[in-house]
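S.K.: Contents are CSV, C-alpha atoms; file name final28.csv:
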```csv
chain,number,residue,atom,x,y,z
A,12,MET,CA,10.9,2.8,-15.8
A,13,LEU,CA,8.9,4.4,-13.0
A,14,THR,CA,8.0,8.1,-13.6
A,15,VAL,CA,5.9,10.6,-11.9
A,16,GLU,CA,3.7,10.7,-15.0
A,17,ALA,CA,3.2,6.9,-14.8
A,18,LEU,CA,2.3,7.2,-11.1
A,19,ARG,CA,-0.2,9.9,-11.9
A,20,ALA,CA,-1.8,7.7,-14.6
A,21,PHE,CA,-1.9,4.9,-12.0
A,22,GLY,CA,-4.0,7.2,-9.8
A,23,ALA,CA,-1.4,8.3,-7.2
A,24,ASP,CA,-1.7,11.9,-5.9
A,25,THR,CA,1.8,12.7,-7.0
A,26,GLU,CA,1.5,16.3,-6.1
A,27,ASP,CA,0.9,15.4,-2.5
A,28,GLY,CA,3.6,12.7,-2.5
A,29,LEU,CA,6.1,15.1,-4.0
A,30,ASN,CA,5.2,17.8,-1.5
A,31,ARG,CA,5.9,15.3,1.3
A,32,CYS,CA,9.3,14.7,-0.3
A,33,MET,CA,10.1,18.4,-0.6
A,34,GLY,CA,9.6,18.3,-4.3
A,35,ASN,CA,12.5,15.9,-4.8
A,36,GLU,CA,11.3,13.7,-7.6
A,37,GLY,CA,14.2,11.3,-7.4
A,38,PHE,CA,13.7,10.8,-3.7
A,39,TYR,CA,10.0,10.3,-4.1
A,40,LEU,CA,10.5,7.7,-6.9
A,41,LYS,CA,13.1,5.9,-4.8
A,42,LEU,CA,10.7,5.7,-1.8
A,43,VAL,CA,8.0,4.3,-4.0
A,44,GLY,CA,10.3,1.6,-5.3
A,45,ARG,CA,11.2,0.7,-1.7
A,46,VAL,CA,7.7,0.5,-0.5
A,47,LEU,CA,7.1,-2.2,-3.0
A,48,GLU,CA,9.7,-4.3,-1.2
A,49,ASP,CA,8.0,-3.8,2.2
A,50,LYS,CA,7.7,-7.2,3.9
A,51,ASN,CA,4.4,-6.0,5.5
A,52,PHE,CA,2.6,-7.0,2.3
A,53,GLU,CA,3.7,-10.6,2.9
A,54,VAL,CA,3.1,-10.4,6.7
A,55,LEU,CA,-0.5,-9.2,6.0
A,56,ALA,CA,-1.3,-12.0,3.7
A,57,GLU,CA,0.3,-14.7,5.9
A,58,SER,CA,-1.3,-13.4,9.1
A,59,ILE,CA,-4.7,-13.4,7.4
A,60,ALA,CA,-4.1,-16.9,6.2
A,61,ARG,CA,-3.3,-17.9,9.8
A,62,GLN,CA,-6.3,-15.9,11.1
A,63,ASP,CA,-3.9,-13.8,13.3
A,64,LEU,CA,-5.8,-10.6,13.1
A,65,ASP,CA,-3.6,-8.7,15.5
A,66,SER,CA,-0.5,-9.3,13.4
A,67,ALA,CA,-2.5,-8.6,10.2
A,68,PHE,CA,-3.6,-5.3,11.7
A,69,ASP,CA,-0.1,-4.3,12.6
A,70,ALA,CA,1.1,-5.0,9.1
A,71,ALA,CA,-1.9,-3.2,7.5
A,72,HIS,CA,-1.5,-0.2,9.8
A,73,SER,CA,2.2,0.1,8.9
A,74,LEU,CA,1.4,-0.1,5.2
A,75,LYS,CA,-1.3,2.4,5.6
A,76,GLY,CA,1.1,5.0,7.0
A,77,VAL,CA,3.8,4.5,4.3
A,78,LEU,CA,1.3,4.3,1.4
A,79,GLY,CA,-0.5,7.4,2.7
A,80,ASN,CA,2.7,9.4,3.0
A,81,LEU,CA,3.6,8.5,-0.6
A,82,ALA,CA,0.0,9.2,-1.8
A,83,LEU,CA,-0.3,5.9,-3.6
A,84,THR,CA,-4.0,6.1,-3.5
A,85,PRO,CA,-4.9,2.9,-5.5
A,86,ILE,CA,-3.2,0.8,-2.9
A,87,PHE,CA,-3.8,3.1,0.1
A,88,GLN,CA,-7.6,3.0,-0.1
A,89,PRO,CA,-8.0,-0.8,0.1
A,90,VAL,CA,-5.3,-0.9,2.8
A,91,CYS,CA,-7.3,1.7,4.8
A,92,ASN,CA,-10.4,-0.5,4.4
A,93,ILE,CA,-8.7,-3.7,5.5
A,94,THR,CA,-7.0,-1.9,8.4
A,95,GLU,CA,-10.4,-0.7,9.8
A,96,PHE,CA,-11.9,-4.2,9.5
A,97,LEU,CA,-8.9,-5.7,11.2
A,98,ARG,CA,-9.0,-3.1,13.9
A,99,ALA,CA,-12.6,-4.2,14.6
A,100,LYS,CA,-11.6,-7.8,14.3
A,101,ALA,CA,-14.4,-8.3,11.9
A,102,ASP,CA,-15.5,-11.9,11.2
A,103,MET,CA,-15.4,-11.7,7.5
A,104,ASP,CA,-13.7,-13.0,4.3
A,105,TYR,CA,-10.6,-10.7,3.9
A,106,ALA,CA,-9.6,-12.3,0.6
A,107,PRO,CA,-11.3,-9.8,-1.7
A,108,LEU,CA,-9.6,-6.8,-0.1
A,109,LEU,CA,-6.3,-8.7,0.1
A,110,ARG,CA,-6.6,-9.5,-3.6
A,111,GLU,CA,-7.3,-5.9,-4.5
A,112,ILE,CA,-4.2,-4.8,-2.5
A,113,THR,CA,-2.1,-7.4,-4.2
A,114,GLU,CA,-3.4,-6.5,-7.7
A,115,MET,CA,-2.6,-2.8,-7.2
A,116,ARG,CA,0.8,-3.6,-5.8
A,117,ASP,CA,1.6,-5.9,-8.7
A,118,GLU,CA,0.4,-3.3,-11.2
A,119,LEU,CA,2.8,-0.8,-9.6
A,120,VAL,CA,5.7,-3.4,-9.7
A,121,ARG,CA,5.1,-3.8,-13.4
A,122,MET,CA,5.7,-0.1,-13.8
A,123,LEU,CA,9.2,-0.5,-12.5
```
Spell out the structure here as structure tokens.
M.R.:
Amino acid sequence: MLTVEALRAFGADTEDGLNRCMGNEGFYLKLVGRVLEDKNFEVLAESIARQDLDSAFDAAHSLKGVLGNLALTPIFQPVCNITEFLRAKADMDYAPLLREITEMRDELVRML
């Protein structure tokens, strides 16, 4: 079961996340659960596989906003990194960053 304490142990800035949700713990946890269902995780991976950096950037940028608002720092940081590389259309291997994002998301899913 997902709890604020588990999220804190995961590395999320739960104080910030809760503040953004007006201190409503149930609402915060509900939003965290929903972000894990966000299709932009899949769009990001698929777009990178197709080398469609514009679409990948759009997905990463969307995730960055949601993850930042929920203060899910362990996923937010690598999403910020990949967003900036995609913004610059860097000619690089995105797999390590994508793997880090996926691993952090999977860890959070296991907490549910």
S.K.: Rounded to one decimal place, report the CA of Phe38 in chain A-CA of Lys50 in chain A distance in Å.
M.R.: 20.4 Å
S.K.: Show which residues sit within 12 Å of Glu53 in chain A, as a PyMOL selection string. Count only C-alpha atoms, and ignore same-chain residues fewer than 3 positions away.
M.R.: chain A and resi 47-50+56-60+66-67+70-71+74+109+112-113+116
S.K.: Leaving out Asp27 in chain A and any residue of its chain fewer than 6 positions from it, which residues lie within 9 Å of it when counting all atoms listed in the file, given as a PDB file with C-alpha atoms, in the coordinates of the input?
M.R.:
```pdb
ATOM      1  CA  ASN A  80       2.700   9.400   3.000  1.00  0.00           C
ATOM      2  CA  LEU A  81       3.600   8.500  -0.600  1.00  0.00           C
ATOM      3  CA  ALA A  82       0.000   9.200  -1.800  1.00  0.00           C
TER       4      ALA A  82
END
```
S.K.: Which residue gives the smallest distance to Glu26 in chain A among A:Tyr39, A:Phe68, A:Tyr105, A:Phe52, with only C-alpha atoms counted?
M.R.: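 Comparing A:Tyr39, A:Phe68, A:Tyr105, A:Phe52 against Glu26 in chain A, the winner is A:Tyr39.
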S.K.: Between A:Pro89, A:Gly79, A:Gly44, A:Pro107, which is the closest to Leu123 in chain A once you count all atoms listed in the file?
M.R.: A:Gly44
S.K.: Name the closest residue to Phe21 in chain A among the candidates A:Leu97, A:Leu83, A:Leu42, A:Leu64; distances are taken between atoms, counting only C-alpha atoms.
M.R.: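 Ranked by minimum distance to Phe21 in chain A, first place goes to A:Leu83.
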S.K.: Extract, using all atoms listed in the file, all DNA, RNA and protein residues at most 10 Å from Thr25 in chain A, discarding same-chain residues fewer than 5 positions from it, and format them as a list in words.
M.R.: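 The residues that qualify are Val15, Glu16, Ala17, Leu18, Arg19, Ala20, Asn30, Arg31, Gly34, Glu36, Tyr39, Leu81, Ala82, Leu83 and Thr84 of chain A.
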S.K.: Using only C-alpha atoms, pick whichever of A:Gln62, A:Thr14, A:Asn51, A:Asn35 has the shortest atom-to-atom distance to Ala106 in chain A.
M.R.: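 Selected residue with least distance to Ala106 in chain A: A:Gln62.
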S.K.: CA of Val43 in chain A and CA of Asp24 in chain A, how far apart in Å?
M.R.: 12.5 Å
S.K.: Quick one: distance from CA of Leu40 in chain A to CA of Leu13 in chain A in Å, one decimal?
M.R.: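 Between these atoms lies a distance of 7.1 Å.
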S.K.: Measuring atom to atom with only C-alpha atoms, identify which of A:Arg110, A:His72, A:Val46, A:Arg61 is nearest to Thr94 in chain A.
M.R.: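 Looking only at the distances to Thr94 in chain A, the closest residue turns out to be A:His72.
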S.K.: Nearest to Pro85 in chain A: which of A:Cys32, A:Met122, A:Ala23, A:Leu55 is it, counting all atoms listed in the file?
M.R.: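 Of A:Cys32, A:Met122, A:Ala23, A:Leu55, the one nearest Pro85 in chain A, counting all atoms listed in the file, is A:Ala23.
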